[in-house]
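Okay, structure first, notes after.
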Amino acid sequence: MIRLSSADTETTGTDEEETEEVVETDEAREALLSEITERLGDGIVAHHIDPGHDLIIRVANGAWAEAALALRRSLGFDYFTYLSAIDWLPSPFGRSMDATVDLAPSEDPAEAAEPGPIEHGLCGGETRFQVLARVYSTRRHLGVTLKADVASDDDLSIETWTGTYPGADWHERESWEMFGITFTGHPGLRKLYLPHDFEGFPLRKDFPLLARQIKPWPGIVDVEPMPDEGDGGDDSESGGEET
Amino acid sequence: MTAISERRQLAYIAAQASDARVNVELETEGMTLNMGPQHPATHGTLRIVAKLDGEQVIAADPIMGYMHRGYEKLTEVRTYPQVTTLVNRIDWLGSFANEVPFILAAERLMEVEAPPRAQWIRTALFELSRIANISLFLGDMALQLGALTPAFYAFRDREFVLNQIESATGGRFHPNFDRIGGLKDDLPKGWIAETKTAMVKLRDFCDMLETLVTGNEIFEARTRGIGVIPAEVGLSYGLSGANIRASGVDWDLRRDQPVGLAWNEIDWKVWTHPDGDSFARFWVRLQEVRESTKMVDQLLDGLPSGPIMAKVPRIIKVPAGEAWVSTENPLGEMGYYVVSQGDLVPFRVKIRSASFNNVSIVPWVLKGVYVPDIVTILASLYFILGDIDR
Amino acid sequence: MIDPALGTLAIELAYWQETLIKVGVVAALVPTAALILGYVFLLKMMSFMQSRLGPMDAGPFGILQLVADGAKFLQKEDIFPARADKWVFAMAPIVVLVSTMLVYVLIPVGPDLVGEAVDTGVFLALAVSSISVIGILMAGWSSANKYSLIGGMRAAGQLIAYELPLVLAVVGVVIQAGTLNLQGIVAAQATGEIFGWGGIGSPFILTQFVGFFIFMIAVQAELTQTPFDMPVAESEIVGGYQVEYTGFRFLTFFLAEFGTAFAFAGLAAVLFLGGWWVPGFEIDSPWLNVLGPIVMFIKIMAVSFFIFWFRFTYPRFREDQLQALAWKVLIPLSLANIVVTGVLKVVF
């Protein structure tokens with residue numbers, strides 16, 4: 001029996017050490033960012049560092065595949081975590097839950113579809129759809145989340161990552177069928193989850209979730225007062241689960 | 001000189017041509033074997049369309065989606081606390097472990113931190129669900145290879161763990177116990193002692209499997225060298241967890257990506273195996289179960305006292321922001337990219353489940369193996385359909 | 001030829017009457033044997049090995065469970081796959097069952113208790129037992145199902161590969177006994193001596209232990225029991241050639257499988273364990289017609305125990321590993337065994 005193991009994990013304990021660690025990884029991410037900037041130059045549009053947790057970089061649409069290549073080949077980001085997309089359009093059906101914000105479910109869903117202004121998240125963006133992906137380096141123990149706009153609102157396309165990370169194959173198929181984003185150069189964009197004759201792109205915000213349209217979620221309306229209302233600790237504890 | 005080499009070349013071409021003629025005459029037609037969606041080896045509804053030459057696989061194409069429940073869409077109409085009931089059902093054998101990264105992501109966005117006792121109990125329950133999950137794998141792997149008996153032992157001994165999860169959380173399979181800011185309840189009385197007894201039983205189970213299964217010549221003949229995944233290939237496909245540790249990558253998110261749980265406070269080690277074959281994957285998981293039982297013991301010994309809930313508002317509204325949290329789940333890296341726009345409901349949740357990536361390597365790894373090895377490899381990659389289809 | 005079993009009863013019967021009785025006995029024996037093995041080993045022993053109780057509700061300790069199952073099978077609809085070759089599909093289980101029944105005819109359980117004492121009994125028994133391959137191939141091919149086809153092909157390849165070591169392992173016994181007659185082999189063991197001591201005769205397992213070892217492995221493969229159950233491999237090809245069978249026809253396969261296990265255990269008992277002879281009795285003592293069946297039953301159950309013990313313990317081989325084991329290990333080993341036996345026979 002071969003017993004192989006890594007070095008025993010050090011028991012790192014106290015809070016002080018943890019805070020130190022936070023500062024340290026933060027520096028590591030700064031250094032990483034400058035390394036990536038060196039490779040990609042103008043390809044980087046924006047970046048955001050969540051100290052101790054994450055580095056988010058937004059690259060230009062044209063630099064998407066190049067970014068993957070640089071990260072894998074030059075910077076040692078060997079592990080492909082995921083690839084997906086975001087539709088930044090505010091849901092035309094309201095948020096289904098928050099009584100003050102929610103739009104009343106209309107008889108005709110098309111009529112209610114009056115989306116507000118698009119608010120992009122971290123690192124901004126210009127198109128309604130954004131692609132995001134994450135890679136990780138098992139040697140540096142750091143991960144990078146990459147974002148990119150699609151080519152334009154009319155042309156939902158971006159380069160494929162399958163050449164660099166073969167694991168991106170299924171993720172791109174999923175993003176294609178769920179959002180309608182085309183990955184140029186992908187070997188076979190077929191439906192992954194959905195039936196082959198399915199029409200529509202379910203994860204787009206303007207794709208109605210029919211179950212909700214037919215019968216609105218009772219949500220917050222149903223909350224009964226807690227028996228021991230006003231008791232500080234208990235209240236906060238059990239409050240979260242009832243909404 | 002030239003003449004000789006030319007003649008050789010001509011002879012070679014002639015031989016090639018006659019070979020080709022024979023091949024055309026005797027050409028065999030490939031057979032397409034459809035495994036699943038209802039097939040005992042697919043743990044649910046994965047379907048594998050394999051093109052066979054005899055019993056050798058030429059190409060294999062997994063088809064899924066028979067159980068796609070659209071969780072990413074559904075999370076957009078659930079409040080944050082309600083989402084845990086959904087994500088519970090992603091990897092249904094290790095449900096509690098699915099809740100944790102989501103809750104942690106929400107906590108990070110809200111800048112709330114659960115009190116230490118809650119973190120320790122979370123970690124303990126996380127490891128218990130790992131044990132419950134992987135111990136079933138250990139029996140199932142042998143079952144897929146034709147040995148009936150270990151599966152029953154696995155079901156029997158998993159019950160001890162499920163009982164503990166049930167008595168602490170109220171749910172055997174879907175605890176739904178984790179809350180933003182802490183836990184629903186504290187541990188019941190006597191739970192710690194009972195859990196330690198259960199852990200002893202599970203360690204016995206591991207020892208038994210080590211003699212019963214890994215020492216078996218037929219088992220080794222069926223798994224050694226079957227489905228070898230080199231580390232580099234595995235990583236580029238996004239393999240994680242024990243699958244990639246079995247390829248010699250010393251990487252465990254519990255150690256390498258601290259998310260605030262108590263893993264860094266206890267003494268444990270990451271097991272790896274250099275071979276990258278089916279046997280290595282089985283072996284690494286076996287060691288991990290044993291390691292987890294020891295971790296649970298330590299976690300219960302060092303359990304700090306104090307509250308189990310932080311102060312959180314009664315109605316949870318998560319400030320705008322984006323957070324990625326992933327943990328080392330029983331099946332591999334499971335993470336959530338939560339995008340909030342300051343609402344009661346998440347704006348978008350990208351669920352990164354481990355099995356989806358783990359199975360995406362199947363077309364690569366199944367090329368050229370025999371039909372029985374399909375079963376071995378699928379079993380050793382260990383996926384849960386809910387974790388693929390989400 | 002007058003059947004000795006009936007001769008002792010001093011009743012004169014016409015040939016057709018004798019035959020009818022024999023057919024009736026064999027036809028009743030096969031399902032009974034299958035039920036006994038199924039209950040004792042498949043239901044109960046397996047359950048105990050797997051830390052569970054097994055069936056407990058039908059009859060005391062669930063002894064009627066298989067009867068209930070059989071009744072259930074009989075009620076099922078008789079389904080033919082749409083593209084099946086109906087005649088072949090229907091015939092296949094019967095061919096398999098007949099092959100099993102023919103073995104029963106040849107196995108002696110007492111000095112006079114044998115269906116048909118044939119001079120070439122050993123080879124006839126092994127030959128008729130391999131007819132089942134044809135039935136399995138028929139089932140695999142006619143089901144019009146790819147899993148069935150793979151299962152049928154695997155079964156054919158496997159049974160042919162293991163027929164050879166099976167026969168070759170028995171050759172050692174035949175050389176030592178000097179006869180192919182199963183009664184003769186029992187007599188040879190009964191009259192044998194272990195270094196001059198004839199108290200328990202000389203069961204061939206002592207001298208032919210290599211042969212016994214090979215024989216049991218080959219039997220395991222012939223019966224398609226784990227670790228050689230690739231033709232049915234539930235987790236790979238979902239039951240193989242049986243996948244399209246339901247109801248009565250599936251029951252027939254089940255009966256044949258366990259009936260054959262019983263028959264091969266009987267052969268092993270006769271060839272290697274001394275057969276029906278009980279130490280202390282003359283070889284032609286009429287008491288052995290009473291004690292012989294009991295002794296044989298005990299021996300058969302002991303051998304079956306090992307067959308099923310392996311079945312519940314081991315994982316299964318891959319098809320190519322199985323062939324390698326047969327051709328590269330078992331056949332050379334059995335040939336060596338024959339040579340050694342022959343040389344020793346000549347020398348001593």
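Identifiers in this document derive from the order of the structure tokens: chains are assigned A, B, ..., residues are numbered from 1 separately in each chain, and ligands are numbered from 1 in order of occurrence.
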
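Residues lying within 8 Å of B:Pro40, counting only C-alpha atoms and ignoring same-chain neighbours fewer than 3 positions away, are B:His43, B:Gly44, C:Glu234, C:Ser235, C:Glu236, C:Val238.
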
Please tabulate, as a tab-separated table, the residues of chain C that come within 9 Å of chain B, each with its closest pair of atoms and the distance in Å to one decimal, counting only C-alpha atoms and ordering rows by chain, then residue number upward.
```
residue	atom	partner	partner_atom	distance
C:Met46	CA	B:Thr149	CA	8.2
C:Met49	CA	B:Thr149	CA	7.4
C:Gln50	CA	B:Thr149	CA	5.6
C:Ser51	CA	B:Tyr153	CA	7.3
C:Arg52	CA	B:Phe152	CA	8.5
C:Lys146	CA	B:Leu33	CA	6.9
C:Tyr147	CA	B:Leu33	CA	8.1
C:Ile150	CA	B:Glu55	CA	8.1
C:Thr226	CA	B:Gly146	CA	7.0
C:Pro227	CA	B:Gly146	CA	7.4
C:Asp229	CA	B:Gly146	CA	8.1
C:Met230	CA	B:Pro372	CA	8.6
C:Ala233	CA	B:Gly146	CA	7.1
C:Glu234	CA	B:Pro40	CA	7.2
C:Ser235	CA	B:Ala41	CA	5.2
C:Glu236	CA	B:Pro372	CA	6.0
C:Ile237	CA	B:Pro372	CA	8.5
C:Val238	CA	B:Pro40	CA	7.1
C:Arg311	CA	B:Ala147	CA	8.0
C:Phe312	CA	B:Leu148	CA	6.1
C:Thr313	CA	B:Ala147	CA	6.0
C:Tyr314	CA	B:Ala147	CA	5.2
C:Pro315	CA	B:Ala147	CA	4.0
C:Arg316	CA	B:Gly146	CA	5.0
C:Phe317	CA	B:Ile218	CA	6.3
C:Arg318	CA	B:Pro372	CA	6.4
C:Glu319	CA	B:Pro372	CA	8.1
C:Gln321	CA	B:Ala221	CA	8.2
```

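Across the structure, atom CA of B:Ile121 and atom CA of B:Lys196 are spaced 14.0 Å apart.
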
**Request:** Using only C-alpha atoms, find the one residue out of B:Asp297, B:Gly181, B:Leu235, B:Val289 that sits nearest to B:Ala193.
**Result:**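 Of B:Asp297, B:Gly181, B:Leu235, B:Val289, the one nearest B:Ala193 is B:Asp297, counting only C-alpha atoms.
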
**Item:** Who sits within 12 Å of C:Val103, only C-alpha atoms, same chain under 4 positions skipped, as a count of residues only
**Value:** 38

**Asked** Among stretch 61-232 of chain B, which ones does DSSP place in strand (DSSP E or B), written as a PyMOL selection string?
**Response** chain B and resi 61-63+178-179+182-183

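Proximity ranking of B:Phe96, B:Tyr66, B:Phe279, B:Trp191 relative to chain A places B:Tyr66 first, based on only C-alpha atoms.
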
Test item: residues at most 12 Å from C:Leu206, only C-alpha atoms, excluding those fewer than 5 positions along its chain, as a short mmCIF file (atom, residue, chain, number, x, y, z; two decimals) with C-alpha atoms, in the first residue's frame:
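Generated file (out.cif):
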```cif
data_model
loop_
_atom_site.label_atom_id
_atom_site.label_comp_id
_atom_site.auth_asym_id
_atom_site.auth_seq_id
_atom_site.Cartn_x
_atom_site.Cartn_y
_atom_site.Cartn_z
CA VAL C 173 -9.53 -38.09 -12.49
CA GLN C 176 -6.56 -42.25 -12.05
CA GLN C 189 -12.54 -43.64 -4.86
CA GLY C 192 -8.78 -46.49 -2.98
CA GLU C 193 -6.35 -46.27 -0.11
CA ILE C 194 -4.41 -43.41 1.40
CA PHE C 195 -0.91 -44.77 1.99
CA ILE C 200 -12.36 -43.35 3.98
CA GLY C 201 -11.30 -44.62 0.61
CA GLY C 211 -7.66 -30.72 -10.97
CA PHE C 212 -10.30 -29.89 -8.37
CA PHE C 213 -9.08 -26.31 -8.17
CA LEU C 271 -15.56 -36.78 -9.31
CA PHE C 272 -13.56 -35.44 -6.41
CA LEU C 273 -15.33 -35.96 -3.11
CA GLY C 274 -16.10 -39.65 -3.24
#
```
